[in-house]
file query.pdb (PDB, C-alpha atoms)
ATOM      1  CA  MET A   1       0.000   0.000   0.000
ATOM      2  CA  GLU A   2       1.181   3.500  -0.790
ATOM      3  CA  ASN A   3       0.348   5.061   2.549
ATOM      4  CA  LYS A   4       0.827   8.521   1.067
ATOM      5  CA  TYR A   5      -2.575   8.093  -0.566
ATOM      6  CA  VAL A   6      -4.430   5.343   1.289
ATOM      7  CA  LYS A   7      -6.560   5.972   4.369
ATOM      8  CA  GLN A   8      -9.573   4.325   5.930
ATOM      9  CA  PHE A   9     -13.130   5.642   5.630
ATOM     10  CA  PRO A  10     -15.061   3.987   8.461
ATOM     11  CA  ASP A  11     -18.081   6.219   7.818
ATOM     12  CA  LEU A  12     -18.680   4.962   4.250
ATOM     13  CA  MET A  13     -20.755   1.924   3.214
ATOM     14  CA  VAL A  14     -21.291   1.090   6.883
ATOM     15  CA  GLY A  15     -22.681  -2.426   7.302
ATOM     16  CA  LYS A  16     -23.060  -2.789   3.537
ATOM     17  CA  LYS A  17     -21.802  -5.385   1.071
ATOM     18  CA  VAL A  18     -19.483  -4.427  -1.772
ATOM     19  CA  MET A  19     -18.784  -7.031  -4.447
ATOM     20  CA  TYR A  20     -15.644  -6.761  -6.559
ATOM     21  CA  VAL A  21     -15.218  -8.428  -9.958
ATOM     22  CA  HIS A  22     -11.587  -8.721 -11.062
ATOM     23  CA  GLY A  23     -10.075  -8.413 -14.506
ATOM     24  CA  PHE A  24      -8.838 -11.027 -16.963
ATOM     25  CA  GLY A  25      -6.045 -13.265 -15.674
ATOM     26  CA  SER A  26      -6.369 -11.983 -12.122
ATOM     27  CA  SER A  27      -8.077 -13.342  -9.005
ATOM     28  CA  ALA A  28      -9.866 -12.415  -5.806
ATOM     29  CA  GLN A  29      -6.415 -12.023  -4.204
ATOM     30  CA  SER A  30      -5.633  -8.907  -6.226
ATOM     31  CA  GLY A  31      -4.287  -5.726  -4.681
ATOM     32  CA  THR A  32      -7.561  -3.959  -5.451
ATOM     33  CA  VAL A  33      -9.477  -6.369  -3.211
ATOM     34  CA  ARG A  34      -7.033  -5.761  -0.368
ATOM     35  CA  ARG A  35      -7.322  -2.026  -0.946
ATOM     36  CA  LEU A  36     -11.113  -2.122  -0.828
ATOM     37  CA  ARG A  37     -11.103  -4.079   2.415
ATOM     38  CA  GLU A  38      -8.649  -1.704   4.032
ATOM     39  CA  VAL A  39     -10.314   1.528   2.930
ATOM     40  CA  LEU A  40     -13.968   0.460   3.321
ATOM     41  CA  CYS A  41     -13.303  -0.998   6.740
ATOM     42  CA  SER A  42     -16.966  -0.836   7.819
ATOM     43  CA  ALA A  43     -18.216  -2.808   4.794
ATOM     44  CA  THR A  44     -18.045  -6.470   3.811
ATOM     45  CA  VAL A  45     -16.094  -6.925   0.565
ATOM     46  CA  ILE A  46     -17.073  -9.995  -1.469
ATOM     47  CA  ALA A  47     -14.708 -11.301  -4.138
ATOM     48  CA  GLU A  48     -14.372 -14.655  -5.875
ATOM     49  CA  ASP A  49     -12.083 -16.042  -8.568
ATOM     50  CA  MET A  50     -13.755 -15.765 -11.957
ATOM     51  CA  PRO A  51     -13.838 -18.968 -14.042
ATOM     52  CA  LEU A  52     -11.977 -18.845 -17.331
ATOM     53  CA  HIS A  53     -15.095 -19.630 -19.363
ATOM     54  CA  PRO A  54     -17.273 -16.507 -19.487
ATOM     55  CA  GLN A  55     -20.659 -18.207 -19.201
ATOM     56  CA  GLU A  56     -19.489 -19.944 -16.040
ATOM     57  CA  ALA A  57     -18.275 -16.575 -14.728
ATOM     58  CA  ILE A  58     -21.558 -14.768 -15.332
ATOM     59  CA  ASP A  59     -23.487 -17.696 -13.802
ATOM     60  CA  LEU A  60     -21.292 -17.488 -10.692
ATOM     61  CA  LEU A  61     -21.838 -13.736 -10.451
ATOM     62  CA  HIS A  62     -25.608 -14.099 -10.660
ATOM     63  CA  HIS A  63     -25.413 -16.712  -7.909
ATOM     64  CA  LEU A  64     -23.312 -14.390  -5.729
ATOM     65  CA  CYS A  65     -25.795 -11.561  -6.259
ATOM     66  CA  GLU A  66     -28.708 -13.784  -5.252
ATOM     67  CA  GLU A  67     -26.816 -14.989  -2.186
ATOM     68  CA  HIS A  68     -25.389 -11.689  -0.923
ATOM     69  CA  HIS A  69     -27.582  -8.932  -2.443
ATOM     70  CA  PRO A  70     -24.629  -6.515  -2.692
ATOM     71  CA  ASP A  71     -25.239  -2.805  -2.139
ATOM     72  CA  LEU A  72     -22.532  -1.957  -4.688
ATOM     73  CA  ILE A  73     -20.689  -3.913  -7.376
ATOM     74  CA  ILE A  74     -17.308  -2.727  -8.685
ATOM     75  CA  GLY A  75     -15.693  -4.315 -11.721
ATOM     76  CA  THR A  76     -12.440  -3.574 -13.518
ATOM     77  CA  SER A  77     -11.568  -4.389 -17.143
ATOM     78  CA  MET A  78     -13.142  -7.790 -17.917
ATOM     79  CA  GLY A  79     -14.864  -7.523 -14.540
ATOM     80  CA  GLY A  80     -16.302  -4.200 -15.677
ATOM     81  CA  MET A  81     -17.870  -5.946 -18.670
ATOM     82  CA  TYR A  82     -19.458  -8.552 -16.375
ATOM     83  CA  THR A  83     -20.539  -5.905 -13.877
ATOM     84  CA  GLU A  84     -22.472  -3.951 -16.490
ATOM     85  CA  MET A  85     -24.625  -7.039 -17.069
ATOM     86  CA  LEU A  86     -25.578  -7.411 -13.390
ATOM     87  CA  TYR A  87     -28.746  -5.360 -13.692
ATOM     88  CA  GLY A  88     -30.669  -4.228 -10.656
ATOM     89  CA  TYR A  89     -27.677  -3.114  -8.573
ATOM     90  CA  ASP A  90     -25.634   0.063  -8.146
ATOM     91  CA  ARG A  91     -22.434  -0.504 -10.097
ATOM     92  CA  ILE A  92     -19.087   1.079 -10.950
ATOM     93  CA  VAL A  93     -17.303  -0.139 -14.070
ATOM     94  CA  ILE A  94     -13.631   0.833 -14.300
ATOM     95  CA  ASN A  95     -11.906   0.697 -17.695
ATOM     96  CA  PRO A  96     -14.504  -1.881 -18.798
ATOM     97  CA  ALA A  97     -13.428  -4.283 -21.563
ATOM     98  CA  PHE A  98     -16.713  -4.403 -23.463
ATOM     99  CA  GLU A  99     -14.911  -5.728 -26.556
ATOM    100  CA  ILE A 100     -12.747  -8.205 -24.701
ATOM    101  CA  GLY A 101     -12.478 -10.750 -27.523
ATOM    102  CA  ASP A 102     -10.860  -8.152 -29.776
ATOM    103  CA  THR A 103      -8.761  -6.878 -26.861
ATOM    104  CA  MET A 104      -7.360 -10.367 -26.266
ATOM    105  CA  VAL A 105      -6.187 -10.662 -29.835
ATOM    106  CA  ALA A 106      -4.825  -7.119 -30.060
ATOM    107  CA  HIS A 107      -2.793  -7.308 -26.847
ATOM    108  CA  GLY A 108      -1.345 -10.794 -26.968
ATOM    109  CA  MET A 109      -3.660 -12.284 -24.365
ATOM    110  CA  THR A 110      -3.993 -15.560 -26.277
ATOM    111  CA  GLY A 111      -1.956 -18.743 -25.989
ATOM    112  CA  ALA A 112      -0.369 -19.932 -22.755
ATOM    113  CA  GLN A 113      -1.014 -17.495 -19.890
ATOM    114  CA  THR A 114      -0.180 -17.245 -16.197
ATOM    115  CA  TYR A 115      -2.559 -15.861 -13.596
ATOM    116  CA  GLN A 116      -1.283 -12.623 -12.088
ATOM    117  CA  ASN A 117      -2.439 -13.507  -8.574
ATOM    118  CA  PRO A 118      -2.886 -16.755  -6.590
ATOM    119  CA  ARG A 119      -6.239 -18.527  -6.957
ATOM    120  CA  LYS A 120      -8.163 -20.729  -4.557
ATOM    121  CA  ASP A 121      -7.893 -23.787  -6.798
ATOM    122  CA  GLY A 122      -4.114 -23.418  -7.007
ATOM    123  CA  VAL A 123      -4.148 -23.197 -10.797
ATOM    124  CA  GLN A 124      -1.362 -20.973 -12.089
ATOM    125  CA  ASN A 125      -1.456 -21.437 -15.856
ATOM    126  CA  PHE A 126      -4.222 -21.422 -18.443
ATOM    127  CA  LEU A 127      -4.659 -21.481 -22.189
ATOM    128  CA  VAL A 128      -6.604 -19.017 -24.316
ATOM    129  CA  ASN A 129      -7.384 -20.473 -27.744
ATOM    130  CA  LYS A 130      -9.683 -19.431 -30.562
ATOM    131  CA  ALA A 131     -12.637 -21.184 -28.968
ATOM    132  CA  ILE A 132     -12.191 -19.193 -25.735
ATOM    133  CA  VAL A 133     -11.891 -15.934 -27.651
ATOM    134  CA  LYS A 134     -15.135 -16.774 -29.443
ATOM    135  CA  GLU A 135     -16.838 -17.394 -26.098
ATOM    136  CA  TYR A 136     -15.776 -13.958 -24.876
ATOM    137  CA  LYS A 137     -16.992 -12.290 -28.053
ATOM    138  CA  GLU A 138     -20.342 -13.994 -27.650
ATOM    139  CA  ILE A 139     -20.754 -12.985 -23.991
ATOM    140  CA  SER A 140     -19.686  -9.380 -24.647
ATOM    141  CA  SER A 141     -22.343  -9.108 -27.349
ATOM    142  CA  LEU A 142     -24.891  -9.276 -24.512
ATOM    143  CA  CYS A 143     -23.622  -6.070 -22.923
ATOM    144  CA  PHE A 144     -26.191  -3.253 -22.678
ATOM    145  CA  SER A 145     -29.061  -5.638 -23.431
ATOM    146  CA  GLY A 146     -30.859  -4.734 -20.209
ATOM    147  CA  VAL A 147     -30.350  -0.970 -20.212
ATOM    148  CA  ASN A 148     -33.400   1.099 -19.315
ATOM    149  CA  ASP A 149     -34.045   4.455 -17.652
ATOM    150  CA  GLU A 150     -33.556   3.019 -14.162
ATOM    151  CA  GLU A 151     -30.312   1.246 -15.064
ATOM    152  CA  ARG A 152     -28.899   4.432 -16.599
ATOM    153  CA  GLN A 153     -29.002   5.984 -13.130
ATOM    154  CA  ARG A 154     -27.319   3.029 -11.424
ATOM    155  CA  VAL A 155     -24.086   2.680 -13.372
ATOM    156  CA  TRP A 156     -21.002   4.887 -13.132
ATOM    157  CA  GLY A 157     -18.230   4.459 -15.696
ATOM    158  CA  LEU A 158     -14.627   5.416 -14.872
ATOM    159  CA  PHE A 159     -12.077   5.635 -17.671
ATOM    160  CA  GLY A 160      -8.343   6.212 -17.283
ATOM    161  CA  ASP A 161      -7.037   8.964 -19.544
ATOM    162  CA  GLU A 162      -3.815   6.965 -20.100
ATOM    163  CA  ASP A 163      -5.431   3.564 -20.682
ATOM    164  CA  LYS A 164      -3.587   1.943 -23.591
ATOM    165  CA  THR A 165      -5.398  -1.403 -23.346
ATOM    166  CA  VAL A 166      -9.097  -0.626 -23.824
ATOM    167  CA  ASP A 167     -10.989   2.435 -25.000
ATOM    168  CA  THR A 168     -14.734   2.012 -24.518
ATOM    169  CA  PHE A 169     -15.623   5.494 -23.266
ATOM    170  CA  ASP A 170     -17.708   6.398 -26.338
ATOM    171  CA  LEU A 171     -19.381   2.983 -26.405
ATOM    172  CA  PHE A 172     -20.362   3.343 -22.748
ATOM    173  CA  ARG A 173     -21.646   6.883 -23.312
ATOM    174  CA  ARG A 174     -24.049   5.626 -25.961
ATOM    175  CA  HIS A 175     -25.859   3.674 -23.253
ATOM    176  CA  TYR A 176     -25.134   5.390 -19.911
ATOM    177  CA  PRO A 177     -24.858   9.117 -19.109
ATOM    178  CA  THR A 178     -22.297   8.990 -16.285
ATOM    179  CA  ALA A 179     -18.929   8.483 -17.969
ATOM    180  CA  ILE A 180     -16.020  10.001 -16.048
ATOM    181  CA  HIS A 181     -12.375  10.328 -17.015
ATOM    182  CA  PHE A 182      -9.733   9.999 -14.316
ATOM    183  CA  HIS A 183      -5.950  10.322 -14.282
ATOM    184  CA  GLY A 184      -4.620   6.815 -14.612
ATOM    185  CA  GLU A 185      -3.758   3.818 -16.737
ATOM    186  CA  HIS A 186      -5.622   0.564 -17.327
ATOM    187  CA  ARG A 187      -4.503  -0.901 -14.012
ATOM    188  CA  MET A 188      -5.599   1.049 -10.968
ATOM    189  CA  ASP A 189      -2.996   2.247  -8.498
ATOM    190  CA  ASP A 190      -3.543   3.695  -5.034
ATOM    191  CA  ARG A 191      -3.535   7.262  -6.279
ATOM    192  CA  SER A 192      -6.174   6.781  -8.967
ATOM    193  CA  TYR A 193      -8.221   4.586  -6.645
ATOM    194  CA  MET A 194      -8.316   7.163  -3.855
ATOM    195  CA  HIS A 195      -8.770  10.219  -6.084
ATOM    196  CA  ALA A 196     -11.258   8.734  -8.572
ATOM    197  CA  VAL A 197     -13.037   5.661  -7.231
ATOM    198  CA  MET A 198     -13.524   6.723  -3.618
ATOM    199  CA  PRO A 199     -15.390   9.963  -4.486
ATOM    200  CA  VAL A 200     -17.817   7.965  -6.641
ATOM    201  CA  ILE A 201     -18.351   5.437  -3.836
ATOM    202  CA  ARG A 202     -19.089   8.398  -1.563
ATOM    203  CA  TRP A 203     -21.675   9.781  -4.020
ATOM    204  CA  ILE A 204     -23.358   6.373  -4.235
ATOM    205  CA  ASP A 205     -23.375   5.868  -0.472
ATOM    206  CA  ASP A 206     -24.843   9.364   0.034
ATOM    207  CA  ARG A 207     -27.604   8.661  -2.465
ATOM    208  CA  GLN A 208     -28.422   5.287  -0.939
ATOM    209  CA  GLU A 209     -28.626   6.842   2.518
ATOM    210  CA  GLY A 210     -30.459  10.001   1.438
ATOM    211  CA  ARG A 211     -27.534  11.885   2.975
ATOM    212  CA  GLU A 212     -27.215  15.579   2.126
ATOM    213  CA  ARG A 213     -23.815  17.072   2.813
ATOM    214  CA  PRO A 214     -23.257  20.807   3.378
ATOM    215  CA  VAL A 215     -22.640  22.600   0.074
ATOM    216  CA  LEU A 216     -19.352  24.420  -0.421
ATOM    217  CA  PHE A 217     -18.708  26.547  -3.515
ATOM    218  CA  ILE A 218     -15.135  27.287  -4.634
ATOM    219  CA  THR A 219     -14.475  29.968  -7.248
ATOM    220  CA  ILE A 220     -11.875  29.009  -9.806
ATOM    221  CA  ASP A 221      -9.771  32.105  -9.123
ATOM    222  CA  SER A 222      -9.357  30.912  -5.539
ATOM    223  CA  VAL A 223      -7.606  27.717  -6.695
ATOM    224  CA  ARG A 224      -5.754  28.958  -9.820
ATOM    225  CA  ASP A 225      -2.701  31.173  -9.540
ATOM    226  CA  ALA A 226      -1.306  33.776 -11.947
ATOM    227  CA  TYR A 227       0.746  31.080 -13.717
ATOM    228  CA  ASP A 228      -2.317  28.951 -14.470
ATOM    229  CA  LYS A 229      -1.320  26.389 -11.851
ATOM    230  CA  PRO A 230      -3.139  25.361  -8.661
ATOM    231  CA  ARG A 231      -2.467  27.583  -5.671
ATOM    232  CA  SER A 232      -0.352  26.082  -2.931
ATOM    233  CA  SER A 233      -2.273  23.431  -0.951
ATOM    234  CA  ALA A 234      -5.449  23.953  -3.038
ATOM    235  CA  GLN A 235      -5.486  20.327  -4.209
ATOM    236  CA  LYS A 236      -4.771  19.079  -0.702
ATOM    237  CA  ALA A 237      -7.627  21.194   0.682
ATOM    238  CA  PHE A 238     -10.032  20.049  -2.035
ATOM    239  CA  ARG A 239      -9.470  16.356  -1.316
ATOM    240  CA  HIS A 240      -9.676  16.972   2.406
ATOM    241  CA  LEU A 241     -12.926  18.939   2.213
ATOM    242  CA  LEU A 242     -14.419  16.432  -0.215
ATOM    243  CA  GLU A 243     -14.737  13.970   2.651
ATOM    244  CA  THR A 244     -17.257  16.193   4.442
ATOM    245  CA  TYR A 245     -18.779  18.600   1.930
ATOM    246  CA  ASN A 246     -20.513  18.554  -1.422
ATOM    247  CA  LEU A 247     -18.051  20.670  -3.422
ATOM    248  CA  TYR A 248     -18.777  22.719  -6.528
ATOM    249  CA  PHE A 249     -16.442  24.876  -8.569
ATOM    250  CA  VAL A 250     -17.802  28.223  -9.739
ATOM    251  CA  ALA A 251     -16.377  29.855 -12.875
ATOM    252  CA  PRO A 252     -17.421  32.955 -14.830
ATOM    253  CA  ALA A 253     -19.587  32.525 -17.913
ATOM    254  CA  ASP A 254     -18.243  34.692 -20.751
ATOM    255  CA  ALA A 255     -20.671  34.894 -23.674
ATOM    256  CA  ASN A 256     -17.957  36.582 -25.756
ATOM    257  CA  ALA A 257     -15.520  33.718 -25.211
ATOM    258  CA  PRO A 258     -17.516  30.460 -25.233
ATOM    259  CA  GLN A 259     -14.303  28.472 -25.748
ATOM    260  CA  ALA A 260     -13.271  29.471 -22.232
ATOM    261  CA  MET A 261     -15.793  27.157 -20.599
ATOM    262  CA  PRO A 262     -14.447  23.854 -21.976
ATOM    263  CA  GLN A 263     -10.923  25.126 -21.275
ATOM    264  CA  THR A 264     -11.918  25.773 -17.665
ATOM    265  CA  MET A 265     -13.468  22.309 -17.370
ATOM    266  CA  ALA A 266     -10.319  20.722 -18.801
ATOM    267  CA  TRP A 267      -8.108  22.670 -16.367
ATOM    268  CA  LEU A 268     -10.174  21.626 -13.363
ATOM    269  CA  GLN A 269     -10.234  17.988 -14.454
ATOM    270  CA  GLN A 270      -6.475  18.048 -15.010
ATOM    271  CA  TYR A 271      -5.706  19.203 -11.498
ATOM    272  CA  PHE A 272      -8.681  17.999  -9.428
ATOM    273  CA  ASP A 273      -9.538  14.766 -11.266
ATOM    274  CA  ALA A 274     -12.789  12.771 -11.295
ATOM    275  CA  PRO A 275     -14.707  14.642  -8.528
ATOM    276  CA  VAL A 276     -14.982  17.613 -10.891
ATOM    277  CA  TYR A 277     -17.498  15.645 -12.972
ATOM    278  CA  ASP A 278     -20.905  17.372 -12.920
ATOM    279  CA  HIS A 279     -19.669  19.722 -10.181
ATOM    280  CA  ILE A 280     -18.844  22.869 -12.175
ATOM    281  CA  ILE A 281     -21.182  25.869 -12.229
ATOM    282  CA  PHE A 282     -20.736  28.716 -14.699
ATOM    283  CA  SER A 283     -22.179  31.882 -13.219
ATOM    284  CA  ASN A 284     -21.354  35.573 -13.088
ATOM    285  CA  GLN A 285     -23.493  35.960  -9.972
ATOM    286  CA  PRO A 286     -22.112  33.544  -7.357
ATOM    287  CA  HIS A 287     -23.971  35.380  -4.594
ATOM    288  CA  LEU A 288     -27.219  33.973  -6.016
ATOM    289  CA  LEU A 289     -26.114  30.390  -5.437
ATOM    290  CA  ILE A 290     -27.724  28.576  -2.536
ATOM    291  CA  GLY A 291     -25.201  26.851  -0.322
ATOM    292  CA  ASP A 292     -23.497  26.839   3.046
ATOM    293  CA  TYR A 293     -20.034  28.176   2.202
ATOM    294  CA  LEU A 294     -18.336  30.126  -0.570
ATOM    295  CA  ILE A 295     -14.554  30.382  -0.939
ATOM    296  CA  SER A 296     -13.539  33.294  -3.153
ATOM    297  CA  THR A 297     -10.753  35.820  -3.677
ATOM    298  CA  THR A 298     -13.179  38.707  -3.351
ATOM    299  CA  PRO A 299     -15.791  39.627  -0.732
ATOM    300  CA  CYS A 300     -19.313  38.408  -1.460
ATOM    301  CA  ASP A 301     -21.477  40.016   1.189
ATOM    302  CA  ASN A 302     -24.739  39.091  -0.530
ATOM    303  CA  PHE A 303     -24.066  35.338  -0.415
ATOM    304  CA  MET A 304     -26.599  33.785   1.957
ATOM    305  CA  GLY A 305     -24.060  31.414   3.516
ATOM    306  CA  THR A 306     -20.595  31.985   4.958
ATOM    307  CA  THR A 307     -17.946  33.545   2.705
ATOM    308  CA  LEU A 308     -14.249  32.809   3.207
ATOM    309  CA  GLN A 309     -11.931  35.150   1.331
ATOM    310  CA  ILE A 310      -8.707  33.444   0.337
ATOM    311  CA  GLY A 311      -5.764  35.853   0.463
ATOM    312  CA  SER A 312      -7.323  37.940   3.231
ATOM    313  CA  ASP A 313      -5.667  38.515   6.610
ATOM    314  CA  THR A 314      -7.779  35.704   8.089
ATOM    315  CA  PHE A 315      -7.265  33.179   5.284
ATOM    316  CA  LYS A 316      -3.936  33.970   3.679
ATOM    317  CA  THR A 317      -3.523  30.477   2.221
ATOM    318  CA  TRP A 318      -5.433  27.252   1.772
ATOM    319  CA  GLU A 319      -3.765  25.889   4.893
ATOM    320  CA  GLU A 320      -5.771  28.408   6.944
ATOM    321  CA  ILE A 321      -8.894  27.238   5.112
ATOM    322  CA  ILE A 322      -8.146  23.633   6.097
ATOM    323  CA  THR A 323      -7.615  24.644   9.717
ATOM    324  CA  TYR A 324     -10.902  26.567   9.763
ATOM    325  CA  PHE A 325     -12.961  23.608   8.569
ATOM    326  CA  ASP A 326     -11.084  21.150  10.789
ATOM    327  CA  ARG A 327     -12.153  23.220  13.766
ATOM    328  CA  LEU A 328     -15.758  23.095  12.553
ATOM    329  CA  HIS A 329     -15.623  19.313  12.122
ATOM    330  CA  PRO A 330     -12.851  17.903  14.342
ATOM    331  CA  HIS A 331     -12.026  14.259  13.668
TER     332      HIS A 331
END

call {"tool": "encode", "arguments": {"input": "query.pdb", "output": "structure tokens"}}
result
Amino acid sequence: MENKYVKQFPDLMVGKKVMYVHGFGSSAQSGTVRRLREVLCSATVIAEDMPLHPQEAIDLLHHLCEEHHPDLIIGTSMGGMYTEMLYGYDRIVINPAFEIGDTMVAHGMTGAQTYQNPRKDGVQNFLVNKAIVKEYKEISSLCFSGVNDEERQRVWGLFGDEDKTVDTFDLFRRHYPTAIHFHGEHRMDDRSYMHAVMPVIRWIDDRQEGRERPVLFITIDSVRDAYDKPRSSAQKAFRHLLETYNLYFVAPADANAPQAMPQTMAWLQQYFDAPVYDHIIFSNQPHLLIGDYLISTTPCDNFMGTTLQIGSDTFKTWEEIITYFDRLHPH
């Protein structure tokens, strides 16, 4: 574990069941399973080795769902493909391999293979031949067959912006609205897991619990410096505050420069990652927003909540902002 990034969240998914579906050639002993169990320490994490033959795998997953009734299912790569087909549950698919048969051929995943992690049956080696590839193509053709309005609200797709193995973002978007890019490759590491997956788990847990967090607005000029880089400790503060508040960025809307809005969105995503998704507001009148807190570089006396002015004598830096909120909500 990279302790620089990993921490426990005992207040998330409390008493709930989270099922993880691993990728091709892996097992239930993967690092992601260990990470989930460490971070979601108040939840039960269910994970089983997936059979090589895809129909056997999907049958096993349906059996596990009937037995455990998971509150959330998370699948990566091949497991993301399977997870999409487990209709009726809240799900996160990470770099899903919806065209896995083609992916196997393109990336040398055929022939003699070795499992990346130990498996319960002790098997270490396996063979992927043309017949197996055909089976995967046939099972992947069933993806999206059960999509309806309800399912579209239950699936979150996460896609690494440096994934060189699969690219199914556009395919996913044709069926589900919530497709989110994150900074990372095909295999998740601790950084991408904590900065991309955990915020989505938090959103899902909040929705399941009907939990409404206090709303905190952050103007873009309060996090961006004169060199178009994040202000000192702004990213640290954002990730810290994200654990307690529902955060939204506020940026000016310039009708004379419409290209500025996508540029602003790209800048925020570059430096603040997946939690930016659907949390940007373009407004020239931030004082009209309804929320609990507003962090800005300028006074905003008409805002109905509490305004914190970054750069003022009271809040010279983001470190003072962190201290202020820690005193409000001591851990």

call {"tool": "resolve_selection", "arguments": {"input": "query.pdb", "expression": "the PyMOL selection byres ((chain A and resi 317-322) around 6)", "output": "ChimeraX atom specification"}}
result
/A:233-234,237,315-316,323-325

call {"tool": "resolve_selection", "arguments": {"input": "query.pdb", "expression": "the PyMOL selection byres ((chain A and resi 295-309) around 8)", "output": "MDAnalysis selection string"}}
result
chainID A and resid 216:219 221:222 286:294 310:312 314:315 321

call {"tool": "residues_around", "arguments": {"input": "query.pdb", "residues": "A:Val123", "least_positions_apart": "4", "cutoff": "12 Å", "atoms": "all atoms listed in the file", "output": "number ranges by chain"}}
result
A: 25-27, 49, 51-52, 113-119, 127

call {"tool": "closest_residue", "arguments": {"input": "query.pdb", "among": "A:Asp225, A:Met13, A:Phe159, A:Met198", "to": "A:Phe182", "atoms": "only C-alpha atoms"}}
result
A:Phe159

call {"tool": "resolve_selection", "arguments": {"input": "query.pdb", "expression": "the PyMOL selection byres ((chain A and resi 142-157) around 10)", "output": "number ranges by chain"}}
result
A: 72-75, 80-96, 98-99, 137-141, 158-159, 168-169, 171-181, 197, 200-201, 204

call {"tool": "atom_distance", "arguments": {"input": "query.pdb", "atom1": "atom CA of A:Met194", "atom2": "atom CA of A:Asp161"}}
result
15.8 Å

call {"tool": "atom_distance", "arguments": {"input": "query.pdb", "atom1": "atom CA of A:Ala57", "atom2": "atom CA of A:Lys16"}}
result
23.4 Å

call {"tool": "decode", "arguments": {"input": "query.pdb", "residues": "stretch 259-264 of chain A", "atoms": "all heavy atoms", "output": "PDB file, in the first residue's frame"}}
result
ATOM      1  N   GLN A 259     -15.334  29.513 -25.818  1.00  0.00           N
ATOM      2  CA  GLN A 259     -14.303  28.472 -25.748  1.00  0.00           C
ATOM      3  C   GLN A 259     -13.666  28.407 -24.364  1.00  0.00           C
ATOM      4  O   GLN A 259     -12.998  27.428 -24.020  1.00  0.00           O
ATOM      5  CB  GLN A 259     -13.220  28.726 -26.803  1.00  0.00           C
ATOM      6  CG  GLN A 259     -12.283  29.894 -26.515  1.00  0.00           C
ATOM      7  CD  GLN A 259     -12.871  31.253 -26.846  1.00  0.00           C
ATOM      8  OE1 GLN A 259     -14.024  31.340 -27.290  1.00  0.00           O
ATOM      9  NE2 GLN A 259     -12.087  32.305 -26.674  1.00  0.00           N
ATOM     10  N   ALA A 260     -13.887  29.449 -23.556  1.00  0.00           N
ATOM     11  CA  ALA A 260     -13.271  29.471 -22.232  1.00  0.00           C
ATOM     12  C   ALA A 260     -13.878  28.426 -21.314  1.00  0.00           C
ATOM     13  O   ALA A 260     -13.194  27.915 -20.411  1.00  0.00           O
ATOM     14  CB  ALA A 260     -13.415  30.861 -21.611  1.00  0.00           C
ATOM     15  N   MET A 261     -15.143  28.094 -21.510  1.00  0.00           N
ATOM     16  CA  MET A 261     -15.793  27.157 -20.599  1.00  0.00           C
ATOM     17  C   MET A 261     -15.217  25.743 -20.710  1.00  0.00           C
ATOM     18  O   MET A 261     -14.863  25.150 -19.689  1.00  0.00           O
ATOM     19  CB  MET A 261     -17.302  27.182 -20.809  1.00  0.00           C
ATOM     20  CG  MET A 261     -17.942  28.472 -20.311  1.00  0.00           C
ATOM     21  SD  MET A 261     -19.730  28.399 -20.075  1.00  0.00           S
ATOM     22  CE  MET A 261     -20.274  28.349 -21.773  1.00  0.00           C
ATOM     23  N   PRO A 262     -15.080  25.178 -21.918  1.00  0.00           N
ATOM     24  CA  PRO A 262     -14.447  23.854 -21.976  1.00  0.00           C
ATOM     25  C   PRO A 262     -12.989  23.879 -21.530  1.00  0.00           C
ATOM     26  O   PRO A 262     -12.491  22.897 -20.973  1.00  0.00           O
ATOM     27  CB  PRO A 262     -14.577  23.450 -23.451  1.00  0.00           C
ATOM     28  CG  PRO A 262     -14.915  24.688 -24.188  1.00  0.00           C
ATOM     29  CD  PRO A 262     -15.630  25.573 -23.235  1.00  0.00           C
ATOM     30  N   GLN A 263     -12.303  25.014 -21.752  1.00  0.00           N
ATOM     31  CA  GLN A 263     -10.923  25.126 -21.275  1.00  0.00           C
ATOM     32  C   GLN A 263     -10.874  25.098 -19.750  1.00  0.00           C
ATOM     33  O   GLN A 263     -10.005  24.470 -19.147  1.00  0.00           O
ATOM     34  CB  GLN A 263     -10.294  26.407 -21.816  1.00  0.00           C
ATOM     35  CG  GLN A 263     -10.046  26.393 -23.310  1.00  0.00           C
ATOM     36  CD  GLN A 263      -9.606  27.744 -23.853  1.00  0.00           C
ATOM     37  OE1 GLN A 263      -9.539  28.727 -23.113  1.00  0.00           O
ATOM     38  NE2 GLN A 263      -9.303  27.790 -25.140  1.00  0.00           N
ATOM     39  N   THR A 264     -11.834  25.774 -19.125  1.00  0.00           N
ATOM     40  CA  THR A 264     -11.918  25.773 -17.665  1.00  0.00           C
ATOM     41  C   THR A 264     -12.204  24.369 -17.147  1.00  0.00           C
ATOM     42  O   THR A 264     -11.593  23.906 -16.171  1.00  0.00           O
ATOM     43  CB  THR A 264     -13.016  26.741 -17.196  1.00  0.00           C
ATOM     44  OG1 THR A 264     -12.671  28.067 -17.568  1.00  0.00           O
ATOM     45  CG2 THR A 264     -13.202  26.663 -15.693  1.00  0.00           C
TER      46      THR A 264
END
